[in-house]
Amino acid sequence: MLKKIAVIGFGSTMIGIGINGFILPFHLINGGFFGISLLLNYIWGLKAGITFIFLNIPVYLFALKNNPGYFYNGLIGAIICGLMLEIWMPLNGVIHMPIMSSIILGATIIGIGVGVMLRSHISPGGMDLLALILAKWSRINVGVIIFATDAVIIIVGLLFLQDVKLLYSLVIVSIVGLLASIITSFRGIRIYS
């Protein structure tokens, strides 16, 4: 249990820092419910972290019925991720970097956070939870499923916000998806003494 709490704390902190420090200053989005929460923040000014928690409720009710283990781990992960998104909000605008450097660094930080959580079968959000369940059923790598759903969210965001700069978000989801795939693909290393 302590290991799971440490993983959730680490992963959520990485996601909160990556989004607030490197993605929000350029008015970009990443994927999943984080991306939808950021879109709703840009359009209507809703608090991204709180919106993220509420968006997760239907998915977690579905998970409770289909896979209770994912439900309990994921619920804690989603709540802490939503809170970390709000806690690290003061980082928005503090770090000044060129857009591509910011995107690469931010996406790498987010990808490590997401990957570490998914590797421990802890979902940092509803879309990732759905991806974990689909990956289990379909045997498709969870990172591939996440990338596909994220790309759809960015295209929808592009249609709503009419901001070509959102195409940079495809780089973000590519890096996050790649890192999640790599981290979740490593086999555990056993050391015998």
# chains A, B, ... in the order shown; residues from 1 in each chain; ligands from 1
call {"tool": "closest_atom_pairs", "arguments": {"of": "region 38-112 of chain A", "to": "region 153-175 of chain A", "cutoff": "12 Å", "atoms": "only C-alpha atoms", "output": "Markdown table"}}
result
| residue | atom | partner | partner_atom | distance |
| --- | --- | --- | --- | --- |
| A:Leu38 | CA | A:Gly157 | CA | 9.6 |
| A:Leu39 | CA | A:Gly157 | CA | 6.6 |
| A:Leu40 | CA | A:Gly157 | CA | 9.6 |
| A:Asn41 | CA | A:Leu161 | CA | 11.6 |
| A:Tyr42 | CA | A:Leu161 | CA | 8.5 |
| A:Ile43 | CA | A:Leu161 | CA | 7.7 |
| A:Trp44 | CA | A:Leu161 | CA | 11.5 |
| A:Ile99 | CA | A:Tyr168 | CA | 8.8 |
| A:Met100 | CA | A:Tyr168 | CA | 8.2 |
| A:Ser101 | CA | A:Ile172 | CA | 11.2 |
| A:Ser102 | CA | A:Ile172 | CA | 9.9 |
| A:Ile103 | CA | A:Ile172 | CA | 6.2 |
| A:Ile104 | CA | A:Ile172 | CA | 7.0 |
| A:Leu105 | CA | A:Ile172 | CA | 9.4 |
| A:Gly106 | CA | A:Ile172 | CA | 7.9 |
| A:Ala107 | CA | A:Ile172 | CA | 5.1 |
| A:Thr108 | CA | A:Ile175 | CA | 6.4 |
| A:Ile109 | CA | A:Ile175 | CA | 9.7 |
| A:Ile110 | CA | A:Ile175 | CA | 8.9 |
| A:Gly111 | CA | A:Ile175 | CA | 6.7 |
| A:Ile112 | CA | A:Ile175 | CA | 9.8 |
call {"tool": "closest_atom_pairs", "arguments": {"of": "region 57-144 of chain A", "to": "region 3-19 of chain A", "cutoff": "12 Å", "atoms": "only C-alpha atoms", "output": "Markdown table"}}
result
| residue | atom | partner | partner_atom | distance |
| --- | --- | --- | --- | --- |
| A:Tyr72 | CA | A:Lys4 | CA | 11.1 |
| A:Asn73 | CA | A:Lys4 | CA | 8.1 |
| A:Gly74 | CA | A:Ile8 | CA | 9.4 |
| A:Leu75 | CA | A:Ile8 | CA | 10.7 |
| A:Ile76 | CA | A:Ile8 | CA | 7.9 |
| A:Gly77 | CA | A:Ile8 | CA | 5.8 |
| A:Ala78 | CA | A:Ser12 | CA | 8.6 |
| A:Ile79 | CA | A:Ser12 | CA | 9.4 |
| A:Ile80 | CA | A:Ser12 | CA | 6.4 |
| A:Cys81 | CA | A:Ser12 | CA | 4.7 |
| A:Gly82 | CA | A:Ser12 | CA | 8.2 |
| A:Leu83 | CA | A:Gly16 | CA | 8.5 |
| A:Met84 | CA | A:Gly16 | CA | 5.1 |
| A:Leu85 | CA | A:Gly16 | CA | 4.5 |
| A:Glu86 | CA | A:Gly16 | CA | 7.7 |
| A:Ile87 | CA | A:Gly16 | CA | 7.7 |
| A:Trp88 | CA | A:Gly16 | CA | 5.7 |
| A:Met89 | CA | A:Gly16 | CA | 7.8 |
| A:Pro90 | CA | A:Ile17 | CA | 9.8 |
| A:Leu91 | CA | A:Ile17 | CA | 7.3 |
| A:Asn92 | CA | A:Ile19 | CA | 8.5 |
| A:Gly93 | CA | A:Ile19 | CA | 11.2 |
| A:Val94 | CA | A:Ile17 | CA | 11.3 |
| A:Ile95 | CA | A:Ile17 | CA | 10.8 |
| A:Ser102 | CA | A:Gly18 | CA | 9.2 |
| A:Ile103 | CA | A:Gly18 | CA | 9.0 |
| A:Ile104 | CA | A:Gly18 | CA | 9.9 |
| A:Leu105 | CA | A:Gly18 | CA | 7.7 |
| A:Gly106 | CA | A:Gly18 | CA | 4.4 |
| A:Ala107 | CA | A:Gly18 | CA | 6.6 |
| A:Thr108 | CA | A:Gly18 | CA | 7.9 |
| A:Ile109 | CA | A:Gly18 | CA | 5.4 |
| A:Ile110 | CA | A:Ile15 | CA | 4.5 |
| A:Gly111 | CA | A:Ile15 | CA | 7.8 |
| A:Ile112 | CA | A:Gly11 | CA | 7.3 |
| A:Gly113 | CA | A:Gly11 | CA | 3.7 |
| A:Val114 | CA | A:Gly11 | CA | 6.1 |
| A:Gly115 | CA | A:Gly11 | CA | 8.0 |
| A:Val116 | CA | A:Gly11 | CA | 6.3 |
| A:Met117 | CA | A:Gly11 | CA | 5.8 |
| A:Leu118 | CA | A:Gly11 | CA | 9.3 |
| A:Arg119 | CA | A:Val7 | CA | 9.6 |
| A:Ser120 | CA | A:Lys4 | CA | 7.4 |
| A:His121 | CA | A:Lys4 | CA | 9.4 |
| A:Ile122 | CA | A:Ile8 | CA | 7.5 |
| A:Ser123 | CA | A:Ile8 | CA | 8.9 |
| A:Pro124 | CA | A:Ser12 | CA | 7.2 |
| A:Gly125 | CA | A:Ser12 | CA | 10.2 |
call {"tool": "write_last_selection", "arguments": {"atoms": "C-alpha atoms", "output": "PDB file, in the first residue's frame"}}
result
ATOM      1  CA  TYR A  72      -9.810   1.782  -6.146  1.00  0.00           C
ATOM      2  CA  ASN A  73      -6.303   2.471  -7.452  1.00  0.00           C
ATOM      3  CA  GLY A  74      -7.603   4.748 -10.187  1.00  0.00           C
ATOM      4  CA  LEU A  75      -9.958   6.722  -7.971  1.00  0.00           C
ATOM      5  CA  ILE A  76      -7.141   7.639  -5.602  1.00  0.00           C
ATOM      6  CA  GLY A  77      -4.893   8.413  -8.592  1.00  0.00           C
ATOM      7  CA  ALA A  78      -7.477  10.677 -10.243  1.00  0.00           C
ATOM      8  CA  ILE A  79      -8.268  12.619  -7.060  1.00  0.00           C
ATOM      9  CA  ILE A  80      -4.604  13.189  -6.215  1.00  0.00           C
ATOM     10  CA  CYS A  81      -3.800  14.116  -9.857  1.00  0.00           C
ATOM     11  CA  GLY A  82      -6.652  16.644  -9.857  1.00  0.00           C
ATOM     12  CA  LEU A  83      -5.416  18.134  -6.586  1.00  0.00           C
ATOM     13  CA  MET A  84      -1.810  18.274  -7.851  1.00  0.00           C
ATOM     14  CA  LEU A  85      -3.026  20.098 -10.953  1.00  0.00           C
ATOM     15  CA  GLU A  86      -4.443  22.796  -8.656  1.00  0.00           C
ATOM     16  CA  ILE A  87      -1.532  22.783  -6.160  1.00  0.00           C
ATOM     17  CA  TRP A  88       1.094  23.327  -8.888  1.00  0.00           C
ATOM     18  CA  MET A  89      -0.981  26.042 -10.648  1.00  0.00           C
ATOM     19  CA  PRO A  90       1.379  28.812  -9.373  1.00  0.00           C
ATOM     20  CA  LEU A  91       4.066  27.406 -11.738  1.00  0.00           C
ATOM     21  CA  ASN A  92       2.048  28.712 -14.710  1.00  0.00           C
ATOM     22  CA  GLY A  93       4.154  31.470 -16.272  1.00  0.00           C
ATOM     23  CA  VAL A  94       7.148  31.080 -13.925  1.00  0.00           C
ATOM     24  CA  ILE A  95       9.355  29.058 -16.313  1.00  0.00           C
ATOM     25  CA  SER A 102       8.925  23.701 -23.081  1.00  0.00           C
ATOM     26  CA  ILE A 103       6.780  21.131 -24.882  1.00  0.00           C
ATOM     27  CA  ILE A 104       9.528  18.484 -24.953  1.00  0.00           C
ATOM     28  CA  LEU A 105      10.488  18.966 -21.298  1.00  0.00           C
ATOM     29  CA  GLY A 106       6.884  19.221 -20.091  1.00  0.00           C
ATOM     30  CA  ALA A 107       5.737  16.173 -22.073  1.00  0.00           C
ATOM     31  CA  THR A 108       8.714  14.163 -20.813  1.00  0.00           C
ATOM     32  CA  ILE A 109       7.875  15.024 -17.192  1.00  0.00           C
ATOM     33  CA  ILE A 110       4.175  14.190 -17.748  1.00  0.00           C
ATOM     34  CA  GLY A 111       5.051  10.978 -19.634  1.00  0.00           C
ATOM     35  CA  ILE A 112       7.268   9.748 -16.794  1.00  0.00           C
ATOM     36  CA  GLY A 113       4.476  10.461 -14.288  1.00  0.00           C
ATOM     37  CA  VAL A 114       1.830   8.721 -16.393  1.00  0.00           C
ATOM     38  CA  GLY A 115       4.088   5.783 -17.264  1.00  0.00           C
ATOM     39  CA  VAL A 116       5.135   5.119 -13.664  1.00  0.00           C
ATOM     40  CA  MET A 117       1.502   5.133 -12.531  1.00  0.00           C
ATOM     41  CA  LEU A 118       0.285   2.901 -15.386  1.00  0.00           C
ATOM     42  CA  ARG A 119       3.149   0.460 -14.772  1.00  0.00           C
ATOM     43  CA  SER A 120       1.755  -0.057 -11.260  1.00  0.00           C
ATOM     44  CA  HIS A 121      -1.779  -0.453 -12.711  1.00  0.00           C
ATOM     45  CA  ILE A 122      -2.779   2.926 -11.276  1.00  0.00           C
ATOM     46  CA  SER A 123      -4.673   5.207 -13.589  1.00  0.00           C
ATOM     47  CA  PRO A 124      -3.913   8.934 -13.466  1.00  0.00           C
ATOM     48  CA  GLY A 125      -7.325   9.620 -15.019  1.00  0.00           C
TER      49      GLY A 125
END
call {"tool": "closest_residue", "arguments": {"among": "A:Ile53, A:Leu61, A:Met97, A:Leu46", "to": "Pro25 (chain A)", "atoms": "only C-alpha atoms"}}
result
A:Met97
call {"tool": "closest_residue", "arguments": {"among": "A:Ser37, A:Ile145, A:Phe26, A:Gly126", "to": "Ile57 (chain A)", "atoms": "only C-alpha atoms"}}
result
A:Gly126
